[in-house]
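Enquirer: For reference, this is upload_3.csv, and it has CSV, C-alpha atoms.
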chain,number,residue,atom,x,y,z
A,5,MET,CA,-24.3,19.2,19.1
A,6,LYS,CA,-22.4,16.1,19.8
A,7,PHE,CA,-22.9,12.8,18.1
A,8,ASP,CA,-21.6,9.3,18.7
A,9,VAL,CA,-20.4,7.9,15.5
A,10,ARG,CA,-19.8,4.3,14.6
A,11,VAL,CA,-18.1,3.4,11.3
A,12,GLU,CA,-18.2,-0.2,10.3
A,13,VAL,CA,-15.6,-1.1,7.7
A,14,ARG,CA,-15.7,-4.5,5.9
A,15,LEU,CA,-14.3,-6.1,2.8
A,16,ARG,CA,-16.4,-5.5,-0.3
A,17,PRO,CA,-18.4,-8.4,-1.7
A,18,GLY,CA,-16.3,-10.5,-3.9
A,19,ILE,CA,-13.1,-9.6,-2.1
A,20,ALA,CA,-11.7,-12.8,-0.5
A,21,ASP,CA,-11.7,-12.7,3.3
A,22,PRO,CA,-9.2,-15.3,4.5
A,23,GLN,CA,-9.9,-14.3,8.2
A,24,GLY,CA,-13.6,-14.9,7.8
A,25,ALA,CA,-13.0,-18.2,6.0
A,26,THR,CA,-10.7,-19.4,8.8
A,27,ILE,CA,-13.3,-18.5,11.5
A,28,GLU,CA,-16.0,-20.2,9.4
A,29,ARG,CA,-13.9,-23.4,9.3
A,30,ALA,CA,-13.1,-23.2,13.0
A,31,LEU,CA,-16.6,-22.8,14.4
A,32,PRO,CA,-17.9,-26.3,13.5
A,33,ALA,CA,-14.9,-27.7,15.4
A,34,LEU,CA,-16.5,-26.2,18.5
A,35,GLY,CA,-19.9,-27.6,17.6
A,36,PHE,CA,-21.4,-24.5,16.1
A,37,GLU,CA,-23.0,-25.9,12.9
A,38,GLY,CA,-24.7,-24.1,10.1
A,39,VAL,CA,-22.6,-20.9,10.1
A,40,GLU,CA,-21.9,-19.4,6.7
A,41,GLY,CA,-20.9,-16.1,5.2
A,42,VAL,CA,-18.5,-15.0,8.0
A,43,ARG,CA,-16.9,-11.7,7.2
A,44,VAL,CA,-14.4,-9.9,9.4
A,45,GLY,CA,-14.3,-6.1,9.6
A,46,LYS,CA,-13.5,-3.2,11.9
A,47,SER,CA,-15.6,-1.0,14.0
A,48,ILE,CA,-14.4,2.5,14.6
A,49,ARG,CA,-16.1,4.7,17.2
A,50,PHE,CA,-15.7,8.4,18.0
A,51,ARG,CA,-17.6,11.4,19.2
A,52,LEU,CA,-18.1,14.3,16.8
A,53,GLU,CA,-19.2,17.9,17.2
A,54,ALA,CA,-21.5,19.0,14.4
A,55,PRO,CA,-24.4,21.4,13.8
A,56,ASP,CA,-26.9,18.7,13.1
A,57,GLU,CA,-27.2,15.0,12.4
A,58,ALA,CA,-27.1,15.2,8.6
A,59,SER,CA,-23.8,17.1,8.6
A,60,ALA,CA,-22.3,14.8,11.2
A,61,ARG,CA,-23.2,11.9,9.0
A,62,ASP,CA,-21.8,13.6,5.9
A,63,GLU,CA,-18.6,14.3,7.6
A,64,ALA,CA,-18.2,10.7,8.9
A,65,VAL,CA,-18.9,9.3,5.4
A,66,GLU,CA,-16.3,11.6,4.0
A,67,MET,CA,-13.8,10.3,6.7
A,68,SER,CA,-14.7,6.8,5.7
A,69,LEU,CA,-14.0,7.4,2.0
A,70,ARG,CA,-10.8,9.3,2.6
A,71,LEU,CA,-9.1,7.4,5.4
A,72,LEU,CA,-11.1,4.9,7.5
A,73,ALA,CA,-11.8,2.6,4.6
A,74,ASN,CA,-9.9,1.8,1.4
A,75,PRO,CA,-12.6,2.0,-1.2
A,76,VAL,CA,-10.6,-0.3,-3.5
A,77,ILE,CA,-11.3,-3.3,-1.2
A,78,GLU,CA,-13.6,-2.0,1.6
A,79,ASP,CA,-17.1,-0.7,2.1
A,80,SER,CA,-18.2,1.3,5.1
A,81,ASP,CA,-21.5,1.9,7.0
A,82,VAL,CA,-21.8,5.0,9.2
A,83,GLU,CA,-24.2,5.1,12.2
A,84,VAL,CA,-24.7,8.5,13.9
A,85,THR,CA,-26.5,8.9,17.3
A,86,ALA,CA,-27.1,12.2,18.9
A,87,VAL,CA,-25.8,12.4,22.5
A,88,SER,CA,-28.6,13.7,24.6
A,89,ALA,CA,-27.7,16.7,26.7
A,90,GLY,CA,-27.1,15.9,30.3
A,91,ALA,CA,-26.8,12.2,29.9
A,92,PRO,CA,-24.3,11.3,32.6
A,93,GLY,CA,-21.1,10.0,31.1
A,94,ALA,CA,-22.9,9.7,27.8
A,95,GLY,CA,-21.4,6.6,26.4
A,96,PRO,CA,-23.1,4.6,23.7
A,97,ALA,CA,-25.2,2.8,26.4
A,98,ALA,CA,-26.4,6.1,27.9
A,99,VAL,CA,-27.5,7.6,24.6
A,100,ALA,CA,-30.9,8.6,23.6
A,101,GLY,CA,-31.9,9.9,20.3
A,102,THR,CA,-32.2,8.6,16.8
A,103,ALA,CA,-29.9,6.2,15.2
A,104,ALA,CA,-29.5,6.4,11.5
A,105,THR,CA,-27.6,4.3,9.1
A,106,ALA,CA,-26.3,6.0,6.1
A,107,GLY,CA,-26.6,3.6,3.3
A,108,THR,CA,-23.4,1.9,2.2
A,109,ALA,CA,-20.9,4.2,0.8
A,110,ALA,CA,-20.4,1.9,-2.1
A,111,ALA,CA,-21.6,4.2,-4.9
A,112,ALA,CA,-19.4,7.1,-3.7
A,113,ALA,CA,-16.6,4.6,-3.2
A,114,GLY,CA,-16.8,3.7,-6.9
A,115,ALA,CA,-16.2,7.3,-7.8
A,116,ALA,CA,-13.2,7.4,-5.5
A,117,VAL,CA,-11.8,4.3,-7.1
A,118,GLU,CA,-12.1,6.0,-10.5
A,119,GLN,CA,-10.1,8.9,-9.1
A,120,ALA,CA,-7.4,6.6,-7.7
A,121,ILE,CA,-6.8,5.1,-11.2
A,122,ARG,CA,-4.2,7.0,-13.0
B,13,MET,CA,27.8,15.2,-10.3
B,14,THR,CA,27.4,12.4,-7.8
B,15,THR,CA,24.2,10.5,-8.0
B,16,ARG,CA,22.1,10.8,-4.8
B,17,ILE,CA,19.4,8.4,-3.8
B,18,GLY,CA,17.1,9.1,-0.9
B,19,VAL,CA,15.7,6.2,1.2
B,20,VAL,CA,12.5,7.4,3.0
B,21,VAL,CA,12.2,6.3,6.7
B,22,PHE,CA,8.8,6.3,8.4
B,23,PRO,CA,8.4,5.4,12.1
B,24,GLY,CA,8.3,1.6,11.8
B,25,THR,CA,10.2,1.3,8.6
B,26,ASN,CA,12.8,-1.5,9.0
B,27,CYS,CA,14.4,-2.3,5.6
B,28,GLU,CA,16.1,1.1,5.0
B,29,HIS,CA,19.6,-0.2,5.8
B,30,ASP,CA,19.1,-3.2,3.6
B,31,VAL,CA,18.3,-0.8,0.7
B,32,VAL,CA,21.3,1.4,1.5
B,33,ARG,CA,23.6,-1.6,1.6
B,34,GLY,CA,22.1,-3.1,-1.5
B,35,LEU,CA,22.5,0.1,-3.5
B,36,ARG,CA,26.1,0.6,-2.3
B,37,ALA,CA,26.9,-3.0,-3.1
B,38,VAL,CA,25.7,-2.5,-6.7
B,39,ASP,CA,27.5,0.8,-7.1
B,40,ALA,CA,30.1,2.0,-4.6
B,41,ASP,CA,30.0,5.5,-6.1
B,42,VAL,CA,26.3,6.2,-5.5
B,43,GLU,CA,25.5,8.4,-2.6
B,44,VAL,CA,22.6,7.0,-0.5
B,45,GLU,CA,21.0,8.9,2.3
B,46,LEU,CA,18.1,8.3,4.7
B,47,VAL,CA,15.3,10.8,4.6
B,48,TRP,CA,13.1,11.2,7.6
B,49,HIS,CA,9.3,11.1,7.0
B,50,GLY,CA,8.9,14.4,8.9
B,51,ASP,CA,11.1,16.2,6.4
B,52,SER,CA,9.4,18.2,3.7
B,53,SER,CA,12.0,18.3,1.0
B,54,VAL,CA,13.6,15.8,-1.4
B,55,ASP,CA,15.6,18.4,-3.2
B,56,GLY,CA,18.8,17.2,-4.6
B,57,PHE,CA,17.9,13.5,-4.9
B,58,ASP,CA,17.9,11.7,-8.2
B,59,ALA,CA,15.7,8.8,-7.1
B,60,LEU,CA,13.7,7.8,-4.0
B,61,VAL,CA,13.1,4.5,-2.4
B,62,LEU,CA,10.2,3.7,0.0
B,63,PRO,CA,11.5,0.6,1.8
B,64,GLY,CA,9.8,-2.2,3.6
B,65,GLY,CA,8.6,-2.4,7.2
B,66,PHE,CA,5.6,-1.3,9.1
B,67,ALA,CA,5.2,2.5,8.5
B,68,HIS,CA,3.2,4.0,11.4
B,69,GLY,CA,2.8,0.5,12.8
B,70,ASP,CA,0.6,-0.5,9.8
B,71,TYR,CA,-2.2,1.0,12.0
B,72,LEU,CA,-5.6,1.0,10.3
B,73,ARG,CA,-4.2,-0.5,7.1
B,74,PRO,CA,-0.7,-1.0,5.8
B,75,GLY,CA,0.4,2.3,4.3
B,76,ALA,CA,-2.8,4.1,5.2
B,77,LEU,CA,-1.3,6.7,7.6
B,78,ALA,CA,2.1,7.1,5.9
B,79,ARG,CA,0.5,9.1,3.2
B,80,PHE,CA,-0.1,11.9,5.7
B,81,SER,CA,3.6,12.1,6.6
B,82,PRO,CA,5.0,15.5,5.5
B,83,ILE,CA,7.6,13.9,3.2
B,84,MET,CA,4.8,12.4,1.0
B,85,THR,CA,3.9,15.8,-0.4
B,86,ALA,CA,7.4,16.1,-1.7
B,87,VAL,CA,7.5,12.5,-2.9
B,88,THR,CA,4.3,13.0,-4.8
B,89,ARG,CA,5.7,16.2,-6.5
B,90,PHE,CA,9.0,14.4,-7.2
B,91,ALA,CA,7.1,11.6,-8.9
B,92,ALA,CA,4.8,14.0,-10.8
B,93,ASP,CA,8.0,15.6,-12.2
B,94,GLY,CA,9.2,12.3,-13.5
B,95,GLY,CA,11.5,11.4,-10.7
B,96,PRO,CA,12.1,7.7,-10.1
B,97,VAL,CA,10.2,6.4,-7.0
B,98,ILE,CA,10.4,2.8,-6.0
B,99,GLY,CA,8.2,1.3,-3.3
B,100,ILE,CA,9.3,-2.0,-1.9
B,101,CYS,CA,6.9,-4.2,0.1
B,102,ASN,CA,5.4,-1.8,2.7
B,103,GLY,CA,6.6,1.0,0.3
B,104,PHE,CA,4.4,-0.5,-2.4
B,105,GLN,CA,1.5,-0.4,0.1
B,106,VAL,CA,2.2,3.2,0.9
B,107,LEU,CA,2.3,4.1,-2.9
B,108,THR,CA,-1.1,2.5,-3.4
B,109,GLU,CA,-2.7,4.2,-0.4
B,110,ALA,CA,-1.2,7.5,-1.5
B,111,GLY,CA,-2.8,7.1,-4.9
B,112,LEU,CA,0.5,7.1,-6.7
B,113,LEU,CA,-0.3,3.6,-7.9
B,114,PRO,CA,-3.7,2.0,-8.4
B,115,GLY,CA,-5.2,-1.0,-6.6
B,116,ALA,CA,-4.6,-2.3,-3.1
B,117,LEU,CA,-2.7,-5.0,-1.3
B,118,GLN,CA,-4.8,-7.3,0.9
B,119,LYS,CA,-4.0,-10.2,3.1
B,120,ASN,CA,-2.4,-13.2,1.5
B,121,SER,CA,-4.7,-15.9,0.4
B,122,GLY,CA,-4.5,-18.7,3.0
B,123,LEU,CA,-3.8,-16.1,5.7
B,124,ARG,CA,-0.1,-17.0,5.6
B,125,PHE,CA,2.8,-14.7,6.3
B,126,LEU,CA,5.3,-15.4,3.6
B,127,CYS,CA,9.0,-15.4,4.2
B,128,THR,CA,10.7,-17.2,1.3
B,129,THR,CA,12.3,-16.8,-2.1
B,130,VAL,CA,10.2,-17.0,-5.2
B,131,PRO,CA,10.8,-16.9,-8.9
B,132,VAL,CA,9.6,-13.6,-10.5
B,133,GLU,CA,9.4,-12.8,-14.2
B,134,VAL,CA,10.3,-9.3,-15.4
B,135,CYS,CA,7.5,-8.3,-17.8
B,136,THR,CA,8.8,-5.0,-19.1
B,137,SER,CA,12.2,-3.3,-19.1
B,138,ARG,CA,10.8,0.2,-19.7
B,139,THR,CA,10.5,1.2,-16.0
B,140,ALA,CA,12.8,3.0,-13.5
B,141,LEU,CA,13.5,-0.4,-11.9
B,142,THR,CA,13.9,-2.8,-14.8
B,143,GLY,CA,16.0,-0.9,-17.3
B,144,ALA,CA,19.0,-3.2,-16.8
B,145,VAL,CA,17.1,-6.5,-17.1
B,146,ALA,CA,15.6,-8.0,-20.2
B,147,ALA,CA,11.9,-8.6,-20.3
B,148,GLY,CA,11.2,-12.3,-19.8
B,149,ALA,CA,14.1,-12.8,-17.4
B,150,VAL,CA,13.1,-14.8,-14.3
B,151,LEU,CA,14.7,-13.7,-11.1
B,152,ARG,CA,14.7,-15.4,-7.7
B,153,LEU,CA,13.8,-12.7,-5.1
B,154,PRO,CA,13.0,-12.8,-1.4
B,155,VAL,CA,9.4,-12.0,-0.3
B,156,ASN,CA,8.5,-11.2,3.2
B,157,HIS,CA,4.9,-10.0,3.7
B,158,PHE,CA,1.4,-10.7,5.1
B,159,GLU,CA,-0.4,-8.2,2.9
B,160,GLY,CA,1.0,-8.8,-0.6
B,161,ASN,CA,-2.1,-10.0,-2.4
B,162,TYR,CA,-2.5,-7.4,-5.1
B,163,ILE,CA,-6.1,-6.6,-6.2
B,164,CYS,CA,-7.7,-4.1,-8.4
B,165,ASP,CA,-10.9,-3.8,-10.4
B,166,ALA,CA,-11.3,-5.3,-13.9
B,167,VAL,CA,-11.1,-1.9,-15.6
B,168,THR,CA,-7.8,-1.1,-13.8
B,169,LEU,CA,-6.4,-4.5,-14.6
B,170,GLU,CA,-7.2,-4.0,-18.3
B,171,ARG,CA,-5.4,-0.7,-18.2
B,172,LEU,CA,-2.4,-2.2,-16.5
B,173,HIS,CA,-2.2,-4.7,-19.3
B,174,ASP,CA,-2.8,-2.3,-22.2
B,175,GLU,CA,-0.4,0.3,-20.9
B,176,ASP,CA,2.4,-2.2,-20.2
B,177,ARG,CA,2.3,-1.4,-16.5
B,178,ILE,CA,2.7,-4.9,-15.1
B,179,VAL,CA,6.4,-4.9,-14.1
B,180,LEU,CA,6.8,-8.2,-12.3
B,181,ARG,CA,4.8,-11.4,-12.2
B,182,TYR,CA,5.2,-14.4,-9.9
B,183,THR,CA,5.8,-17.6,-11.9
B,184,GLU,CA,4.4,-19.5,-8.9
B,185,ASN,CA,1.9,-17.2,-7.3
B,186,PRO,CA,2.5,-17.4,-3.5
B,187,ASN,CA,-0.1,-15.0,-2.2
B,188,GLY,CA,-3.2,-15.0,-4.4
B,189,SER,CA,-2.4,-11.8,-6.3
B,190,ILE,CA,-4.6,-11.1,-9.2
B,191,ASP,CA,-3.0,-12.1,-12.6
B,192,ASP,CA,0.1,-13.2,-10.6
B,193,ILE,CA,1.1,-9.5,-10.2
B,194,ALA,CA,4.2,-8.9,-8.0
B,195,GLY,CA,4.9,-5.3,-9.2
B,196,ILE,CA,3.3,-2.5,-11.2
B,197,CYS,CA,4.2,1.0,-12.3
B,198,ASN,CA,2.5,4.2,-13.3
B,199,VAL,CA,1.8,5.2,-16.9
B,200,GLU,CA,5.2,6.8,-17.3
B,201,GLY,CA,7.1,4.0,-15.6
B,202,ASN,CA,8.9,6.2,-13.1
B,203,VAL,CA,6.9,5.1,-10.1
B,204,VAL,CA,7.2,1.3,-9.4
B,205,GLY,CA,5.8,-0.7,-6.6
B,206,LEU,CA,6.8,-4.3,-5.9
B,207,MET,CA,6.4,-6.8,-3.1
B,208,PRO,CA,9.7,-8.7,-3.5
B,209,HIS,CA,12.9,-7.3,-1.9
B,210,PRO,CA,15.6,-6.9,-4.5
B,211,GLU,CA,17.9,-5.2,-1.9
B,212,ARG,CA,18.1,-8.5,-0.1
B,213,ALA,CA,19.4,-10.3,-3.1
B,214,CYS,CA,22.5,-8.2,-3.8
B,215,ASP,CA,25.2,-10.0,-1.8
B,216,PRO,CA,26.6,-13.5,-2.3
B,217,LEU,CA,26.5,-13.8,1.4
B,218,THR,CA,22.7,-14.0,1.3
B,219,GLY,CA,22.7,-16.6,-1.3
B,220,ALA,CA,21.1,-14.7,-4.1
B,221,MET,CA,22.3,-11.9,-6.5
B,222,ASP,CA,19.2,-11.5,-8.7
B,223,GLY,CA,18.1,-8.2,-7.1
B,224,ALA,CA,21.3,-6.5,-8.2
B,225,GLY,CA,20.1,-6.1,-11.8
B,226,LEU,CA,17.0,-4.3,-10.6
B,227,LEU,CA,18.9,-1.9,-8.3
B,228,ARG,CA,21.4,-1.3,-11.2
B,229,GLY,CA,18.5,-0.3,-13.4
B,230,LEU,CA,17.4,2.2,-10.7
B,231,ILE,CA,20.9,3.6,-10.3
B,232,GLY,CA,21.1,3.9,-14.1
B,233,VAL,CA,18.0,6.0,-14.3
B,234,ALA,CA,19.2,8.1,-11.3
B,235,ASP,CA,22.6,8.6,-13.0
B,236,ARG,CA,20.9,10.0,-16.1
B,237,LYS,CA,18.8,12.3,-13.9
B,238,ALA,CA,21.9,13.5,-12.1
B,239,LEU,CA,23.6,14.3,-15.4
B,240,ALA,CA,20.5,16.0,-17.0
B,241,PRO,CA,20.5,19.8,-17.0
B,242,THR,CA,17.9,21.1,-14.7
Could you render the structure as structure tokens?
Expert:
Amino acid sequence: MKFDVRVEVRLRPGIADPQGATIERALPALGFEGVEGVRVGKSIRFRLEAPDEASARDEAVEMSLRLLANPVIEDSDVEVTAVSAGAPGAGPAAVAGTAATAGTAAAAAGAAVEQAIR
Amino acid sequence: MTTRIGVVVFPGTNCEHDVVRGLRAVDADVEVELVWHGDSSVDGFDALVLPGGFAHGDYLRPGALARFSPIMTAVTRFAADGGPVIGICNGFQVLTEAGLLPGALQKNSGLRFLCTTVPVEVCTSRTALTGAVAAGAVLRLPVNHFEGNYICDAVTLERLHDEDRIVLRYTENPNGSIDDIAGICNVEGNVVGLMPHPERACDPLTGAMDGAGLLRGLIGVADRKALAPT
């Protein structure tokens, strides 16, 4: 089966986000009032071949922990969507099926941080 | 036996020639060679330097992809065997991403790219980089980075303190680094990462000579390794 995967990477709570702070300061200058808590992250998308949704998600979480995010400063969320067979040009917009968000990888990230400390 | 120091070059590294010149300026007898990231051996070297630049374009995160370069397996083994490994600027980022040093380097506070010279205090002289400089000495060293804001969790920071692993501290913190950290080392002190560029302060022409003492310390450690029976 094929799955569309979206990994959202963002700075962990408590990590200063100077880009977010700059955007937050800039928005009122354009008249957008009342904005707070701006955080800047990355969105990484790819298609993945896997036997089922659970293993697709597991693999994507593993990718996040080992490469896509740096667990010292970043958290990641993984969203996996099955690509329906026969969907023409199945892009994210043409996708049917279930979307599932694997809870944040923070707990596992903590373990990885432990390992990184030598 | 001639002392040989390898300078690792990734695609996007741009400070390798500064390091070669700096080392040769400090000691004309030392042999310095560039080592391509695609090589798989560092045999015969007595010390390694990972210089500054933008390894693999800094794609994803600075240093994130460099750790997959074939040479890093050899660098990791060399470090585990006690070989001196110095990561300067982007090289420091590579060492943290590769897990050879703890913590991470995030964007400077204030979102400012820094290109200036700052005073830096040497906190310990027990490392592969600081053996020729007294602890407490304040050096003026160039910094040139966007992601030099060192961060780690509280447990790691305590360990860095307790194990005498904070190598350099800014006396005027330019980038928001936790505890003013400009450089750290591993437990043994043979792997050192630092944001300032000592190699750019080794020639009177550039207006500063304070980096020479650090490179002299590295060459001293490499000299001893070259003489040691294998």
Enquirer: Give me, please, the distance in Å between CA of Pro22 in chain A and CA of Val132 in chain B, quoted to one decimal.
Expert: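 Between these atoms lies a distance of 24.1 Å.
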Enquirer: Taking only C-alpha atoms into account, name the residue in A:Glu37, A:Glu78, A:Asp8, A:Glu66 that is nearest to chain B.
Expert: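 Nearest to chain B: A:Glu78.
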Enquirer: In Å to one decimal, how far is CA of Val20 in chain B from CA of Trp48 in chain B?
Expert: 6.0 Å
Enquirer: Can you pull out the residues contacting Lys6 in chain A? Cut-off 9 Å, using all atoms listed in the file, and skip same-chain residues under 2 positions away; I want them as an mmCIF file with C-alpha atoms, in the coordinates of the input.
Expert:
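So result-v9.cif came out as:
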data_model
loop_
_atom_site.group_PDB
_atom_site.id
_atom_site.type_symbol
_atom_site.label_atom_id
_atom_site.label_comp_id
_atom_site.auth_asym_id
_atom_site.auth_seq_id
_atom_site.Cartn_x
_atom_site.Cartn_y
_atom_site.Cartn_z
ATOM 1 C CA ASP A 8 -21.600 9.300 18.700
ATOM 2 C CA ARG A 51 -17.600 11.400 19.200
ATOM 3 C CA LEU A 52 -18.100 14.300 16.800
ATOM 4 C CA GLU A 53 -19.200 17.900 17.200
ATOM 5 C CA ALA A 54 -21.500 19.000 14.400
ATOM 6 C CA PRO A 55 -24.400 21.400 13.800
ATOM 7 C CA ASP A 56 -26.900 18.700 13.100
ATOM 8 C CA GLU A 57 -27.200 15.000 12.400
ATOM 9 C CA ALA A 60 -22.300 14.800 11.200
ATOM 10 C CA THR A 85 -26.500 8.900 17.300
ATOM 11 C CA ALA A 86 -27.100 12.200 18.900
ATOM 12 C CA VAL A 87 -25.800 12.400 22.500
ATOM 13 C CA SER A 88 -28.600 13.700 24.600
ATOM 14 C CA ALA A 89 -27.700 16.700 26.700
#
Enquirer: Restricting the calculation to all atoms listed in the file, which member of B:Asn156, B:Thr218, B:Thr142, B:Thr108 is positioned closest to chain A?
Expert: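 Using all atoms listed in the file, chain A sits closest to B:Thr108.
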Enquirer: Hey, which of B:Cys135, B:Val44, B:Ala116, B:Met84 ends up closest to chain A? Count all atoms listed in the file.
Expert: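 So, comparing all the options, the nearest one is B:Ala116.
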Enquirer: Rounded to one decimal, what separation in Å do you get between CA of Pro154 in chain B and CA of His209 in chain B?
Expert: 5.5 Å
Enquirer: Of the candidates A:Arg61, A:Arg70, A:Arg10, A:Arg29, which one gets nearest to Arg49 in chain A if we count only C-alpha atoms?
Expert: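 Between A:Arg61, A:Arg70, A:Arg10, A:Arg29, the residue approaching Arg49 in chain A most closely is A:Arg10.
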Enquirer: Using only C-alpha atoms, which chain B residues lie at most 8 Å away from chain A, written as a list in words?
Expert: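 Output check: Leu72, Ala76, Glu109, Gly111, Leu112, Leu113, Pro114, Gly115, Ala116, Gln118, Lys119, Asn120, Ser121, Gly122, Leu123, Ile163, Cys164, Asp165, Thr168, Asn198 and Val199 of chain B.
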Enquirer: Could you list as a PyMOL selection string every residue that has an atom within 8 Å of (20.1, -1.9, -1.3), using the file's coordinates and counting all atoms listed in the file?
Expert: chain B and resi 29-38+210-212+214+227
